[in-house]
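Asks: This is the structure I have questions about; it appears just below.
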Amino acid sequence: MKPRLTVIAVIIPLLGLIALIARSEFAVRSGPTWLIPITGYDPRDLLHGRYLRYQYRFNWQGEDACGQSPAALDEECCLCFTRTDTRGFDPPTRELSCSEVREQCDGWLSSRAVLPPLRYFVPEDRALELEGALGGRAAALELTCGPDGDPAIRDLYLDEQPWRDVLGR
Amino acid sequence: MRIRSGRRAAAVIAATITAVSLDARLARWVAHGLLDAAQVEPILEFERQKHRPLFLYAVAGLGGLAIAIGLLSIVAANWDEIPGGVKLGLDLALVGGLGYATARWHERGPSWAFETALLVLYGLVMASIALIGQVYQLGGQAREALGAWTLMTALLMTRGRSTIVATTWLLGLQVTYAAWLAWVADGPLDAEALALSAVYWAPLVCLVVGTSRWVARRRPALAGVFAAIAWAELVLCASVGTLAFYGDGGASERAGLLPGLGVSAMLTGWLWTRLPKTSAGQASRWLLVTCLALSHGPFLLGFGKAGVLAALSFIGLWVLVAFAAHRSGDMRVLNFATAVVGLRVLIVYFEVFGSLLGTGVGLVSGGLLTLALVWLWVRTRRDLARDRDEALEEST
């Protein structure tokens with residue numbers, strides 16, 4: 001029996017979890033927020049419980065300089081956002097080579113990271129309510145563009161308001 | 001009060017019976033000159049240390065597993081009343097507290113509490129990863145969560161000494177491996193044939209671990225579980241492989257299997273040299289090679305619609321399993337293998353139904369084969385029982 005090894009063995013998962021939280025927290029705080037419209041529906045997930053399955057509805061504008069067409073996202077390209085208002089709501093979007101986005105764009109995401117299926121996890125007891133609300137209201141996700149081009153999701157919006165403000169807490 | 005004293009009395013009686021039984025046997029062996037008095041004390045000490053309440057470990061382990069699964073379910077409910085930050089803070093406190101208790105139980109015992117805490121911590125880490133994914137809406141793939149879980153808990157689970165911890169860990173490892181194999185098959189690599197052939201690597205690596213003397217000395221339960229599950233999976237792969245005689249794989253798929261087969265062949269060759277040089281070890285060697293051949297051969301050769309070959313190879317494989325079980329004196333596996341062969345023969349009856357001549361020949365040959373099998377089985381059982389009795393007599 002080596003108690004010191006056991007101490008290390010129980011510390012590793014704790015440090016690993018702290019690292020995962022720190023990485024996610026850093027991504028969420030790493031830049032200005034954007035509000036991207038989505039459409040979706042609601043199946044079940046065995047691992048995480050209830051979630052909304054959605055896809056982004058980008059406001060395609062401008063000339064794509066990468067990939068074939070906006071309808072078929074190219075995994076090798078990036079999405080370039082142009083900020084037109086302070087909230088970053090429904091920004092004009094075009095595909096661009098990932099090597100150029102840092103200089104040319106106000107915000108950018110990797111195309112690979114926004115390919116469906118995408119999931120937004122919701123509380124078990126609010127899932128049906130949200131499913132109904134998504135049918136009748138315009139939905140959008142508030143996010144920041146993480147340093148590696150992955151979106152760091154902050155909140156779900158309905159009619160441009162946080163969903164908890166719309167449906168009640 | 002009366003119940004408690006009754007339980008205590010029963011425990012004392014059980015311990016006394018065990019001790020008396022061992023003492024009496026040792027005294028008889030000393031009287032016959034098989035042991036001397038100096039050898040008796042270390043044996044008694046070894047038996048005292050070896051004695052573990054298996055039922056307690058099993059029940060406590062099941063309790064630990066239930067808690068771990070319950071934690072996953074609670075996280076999945078995604079209760080909205082508690083803010084995400086508070087949930088994460090509580091979770092980290094729980095992981096830290098349980099980690100502290102685990103380390104303490106490892107040092108001071110009881111060991112059943114340590115083993116149970118390992119299981120709960122194992123599940124709690126998975127639940128925590130799911131919670132982080134939920135709070136930050138990471139929406140990541142299950143394979144990534146499983147990979148992180150496996151990496152974080154690998155050293156932790158090697159600390160366990162019970163069968164239930166080893167079994168749970170192996171299941172977790174294999175689920176993670178399967179999730180990543182599915183990604184290799186359908187993801188950007190699109191290497192379906194490589195993923196298919198890599199399925200076979202998992203039981204082979206388990207068998208390498210299970211047959212390692214170094215592991216067996218330090219973690220006998222882990223080695224036993226890994227070896228047993230590895231053999232079961234190798235035979236399962238070979239059994240499924242025989243079904244490929246019915247199909248006809250494409251040439252491109254066959255070429256894709258070759259790199260995976262190369263790795264499996266090397267591992268099999270290495271295992272061949274490591275298995276014990278006893279009659280049981282020799283039978284295991286042949287079973288190992290047969291499993292490799294049947295898990296890959298039917299896919300590579302692509303005969304197509306070779307039903308007879310499928311049936312014969314399946315029966316041959318399970319006869320070899322029965323033979324290996326006979327050589328190692330494992331009656332349960334021998335009985336099971338015999339039943340599987342009988343079942344496959346029954347399926348052959350239905351496969352050969354067609355013309356009157358075909359049905360007749362099939363039924364007669366199948367019936368003869370079944371009777372031969374029953375005769376062999378009865379003889380083997382009798383031989384094994386006789387060997388066991390002789391061994392018992394010799395030892396007393």
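Letters for chains follow the order of the structure tokens (A, B, ...), residue numbers begin at 1 for each chain, and ligand numbers begin at 1 in the order shown.
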Dump as a ChimeraX atom specification the residues of chain A that approach chain B to within 7 Å, counting only C-alpha atoms.
Replies: /A:3,6-7,9-10,12-14,16-17,21,24,47-49,118-124,153
Asks: Give the alpha helix (DSSP H) residues of segment 74-111 of chain A, as DSSP finds them on the backbone, and put them as a PyMOL selection string.
Replies: chain A and resi 101-104
Asks: I need the residue nearest Leu204 of chain B from this list: B:Leu309, B:Ile164, B:Ala191, B:Ala230. Use only C-alpha atoms for the distance.
Replies: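 Distance minimum relative to Leu204 of chain B lands on B:Ala230.
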Asks: Would you kindly return, as a PyMOL selection string, each protein, DNA or RNA residue with an atom no farther than 7 Å from any atom of Ala306 of chain B, considering only C-alpha atoms and excluding same-chain residues fewer than 4 positions away?
Replies: chain B and resi 245-246+310
Asks: Which neighbours of Arg154 of chain A fall inside 8 Å, counting only C-alpha atoms, when residues of the same chain fewer than 6 positions from it are skipped, and could you give them as a VMD selection string?
Replies: (chain A and resid 28 141 to 144) or (chain B and resid 136 to 137)
Asks: Using atom CA of Trp34 of chain A and atom CA of Leu130 of chain A as the two end points, give the distance in Å to one decimal.
Replies: 21.4 Å
Asks: Can you list, as number ranges by chain, every protein, DNA or RNA residue that comes within 12 Å of Phe58 of chain A when you count only C-alpha atoms, leaving out same-chain residues fewer than 4 positions away?
Replies: A: 34-39, 70-71, 73, 79-82, 89-95, 109, 111, 114-115, 140-141
Asks: Keeping N, CA and C atoms for every residue in the selection just given, could you write it to a file as a compact mmCIF listing (two decimals), in the first residue's frame?
Replies:
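Saved as out.txt:
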# COMPACT_ATOMS: atom_id res chain seq x y z
N TRP A 34 -22.02 38.05 -28.68
CA TRP A 34 -22.79 38.09 -29.92
C TRP A 34 -24.12 37.40 -29.67
N LEU A 35 -25.13 37.80 -30.43
CA LEU A 35 -26.45 37.17 -30.29
C LEU A 35 -26.82 36.58 -31.64
N ILE A 36 -26.70 35.25 -31.76
CA ILE A 36 -26.89 34.59 -33.05
C ILE A 36 -28.23 33.86 -33.05
N PRO A 37 -29.13 34.15 -33.99
CA PRO A 37 -30.43 33.45 -34.05
C PRO A 37 -30.26 31.95 -34.29
N ILE A 38 -31.16 31.16 -33.70
CA ILE A 38 -31.14 29.70 -33.89
C ILE A 38 -32.54 29.18 -34.16
N THR A 39 -32.62 27.98 -34.69
CA THR A 39 -33.89 27.24 -34.75
C THR A 39 -33.63 25.87 -34.15
N PRO A 70 -22.43 29.22 -48.53
CA PRO A 70 -22.83 29.32 -47.12
C PRO A 70 -23.72 28.17 -46.68
N ALA A 71 -24.47 27.62 -47.60
CA ALA A 71 -25.41 26.55 -47.22
C ALA A 71 -24.65 25.29 -46.80
N LEU A 73 -21.41 24.46 -45.00
CA LEU A 73 -20.26 24.97 -44.24
C LEU A 73 -19.03 24.10 -44.49
N LEU A 79 -15.90 31.42 -39.75
CA LEU A 79 -17.00 32.37 -39.96
C LEU A 79 -16.56 33.74 -39.45
N CYS A 80 -16.76 34.75 -40.26
CA CYS A 80 -16.31 36.10 -39.92
C CYS A 80 -17.54 36.96 -39.60
N PHE A 81 -17.59 37.54 -38.40
CA PHE A 81 -18.71 38.39 -37.99
C PHE A 81 -18.30 39.86 -38.10
N THR A 82 -19.27 40.70 -38.50
CA THR A 82 -19.06 42.14 -38.50
C THR A 82 -20.05 42.76 -37.52
N PHE A 89 -26.22 41.67 -32.32
CA PHE A 89 -27.36 40.84 -32.69
C PHE A 89 -27.35 40.53 -34.19
N ASP A 90 -27.51 39.26 -34.52
CA ASP A 90 -27.62 38.78 -35.90
C ASP A 90 -26.60 39.44 -36.82
N PRO A 91 -25.31 39.29 -36.54
CA PRO A 91 -24.29 40.02 -37.30
C PRO A 91 -24.16 39.51 -38.73
N PRO A 92 -23.83 40.39 -39.68
CA PRO A 92 -23.50 39.94 -41.04
C PRO A 92 -22.34 38.95 -40.97
N THR A 93 -22.49 37.84 -41.70
CA THR A 93 -21.55 36.72 -41.57
C THR A 93 -21.06 36.27 -42.95
N ARG A 94 -19.78 35.95 -43.05
CA ARG A 94 -19.25 35.38 -44.30
C ARG A 94 -18.17 34.36 -43.94
N GLU A 95 -17.91 33.44 -44.86
CA GLU A 95 -16.84 32.45 -44.64
C GLU A 95 -15.52 32.99 -45.15
N LEU A 109 -15.63 32.48 -35.63
CA LEU A 109 -15.80 31.11 -35.11
C LEU A 109 -15.29 30.13 -36.16
N SER A 111 -15.81 27.12 -38.52
CA SER A 111 -17.01 26.52 -39.14
C SER A 111 -17.29 25.13 -38.57
N VAL A 114 -19.57 25.01 -35.52
CA VAL A 114 -20.99 25.39 -35.58
C VAL A 114 -21.79 24.43 -36.46
N LEU A 115 -21.15 23.32 -36.82
CA LEU A 115 -21.87 22.33 -37.62
C LEU A 115 -22.87 21.59 -36.74
N ALA A 140 -32.42 32.93 -29.94
CA ALA A 140 -31.03 33.27 -30.28
C ALA A 140 -30.14 32.84 -29.12
N LEU A 141 -28.86 32.65 -29.41
CA LEU A 141 -27.91 32.31 -28.35
C LEU A 141 -26.93 33.45 -28.15
Asks: Between A:Arg164, A:Arg112, A:Arg102, A:Arg87, which has the minimum distance to Pro32 of chain A (counting only C-alpha atoms)?
Replies: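 Once distances to Pro32 of chain A are computed over only C-alpha atoms, the minimum belongs to A:Arg87.
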Asks: Quick one: pull the distance between atom CA of Ser279 of chain B and atom CA of Val225 of chain B, Å, one decimal.
Replies: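 Atom CA of Val225 of chain B lies 22.1 Å from atom CA of Ser279 of chain B.
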Asks: Please report the interatomic distance between atom CA of Trp201 of chain B and atom CA of Pro259 of chain B in Å with one decimal.
Replies: 11.8 Å
Asks: List the neighbours of Leu134 of chain A out to 9 Å using only C-alpha atoms; skip same-chain residues closer than 3 positions along the sequence, and give me the result as a count of residues only.
Replies: 10
Asks: Name the residues in contact with Val40 of chain B at a cut-off of 9 Å, using only C-alpha atoms, excluding same-chain residues fewer than 3 positions from it; report them as a list of chain:residue names.
Replies: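 Counting only the stated atoms, we get B:Asp23, B:Leu26, B:Ala27, B:Val30, B:Leu35, B:Asp36, B:Ala37, B:Ile43, B:Leu44, B:Glu45.
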Asks: Using C-alpha atoms, can you write the selected residues to a file as a CSV table (one decimal), in the first residue's frame?
Replies:
chain,number,residue,atom,x,y,z
B,23,ASP,CA,-6.2,-25.6,12.7
B,26,LEU,CA,-2.8,-28.1,9.8
B,27,ALA,CA,-2.4,-30.3,12.9
B,30,VAL,CA,2.0,-31.7,10.9
B,35,LEU,CA,4.6,-29.6,7.5
B,36,ASP,CA,6.7,-28.7,10.5
B,37,ALA,CA,5.6,-26.5,13.4
B,43,ILE,CA,0.2,-20.2,7.0
B,44,LEU,CA,-2.2,-19.1,9.7
B,45,GLU,CA,-1.1,-15.5,9.4
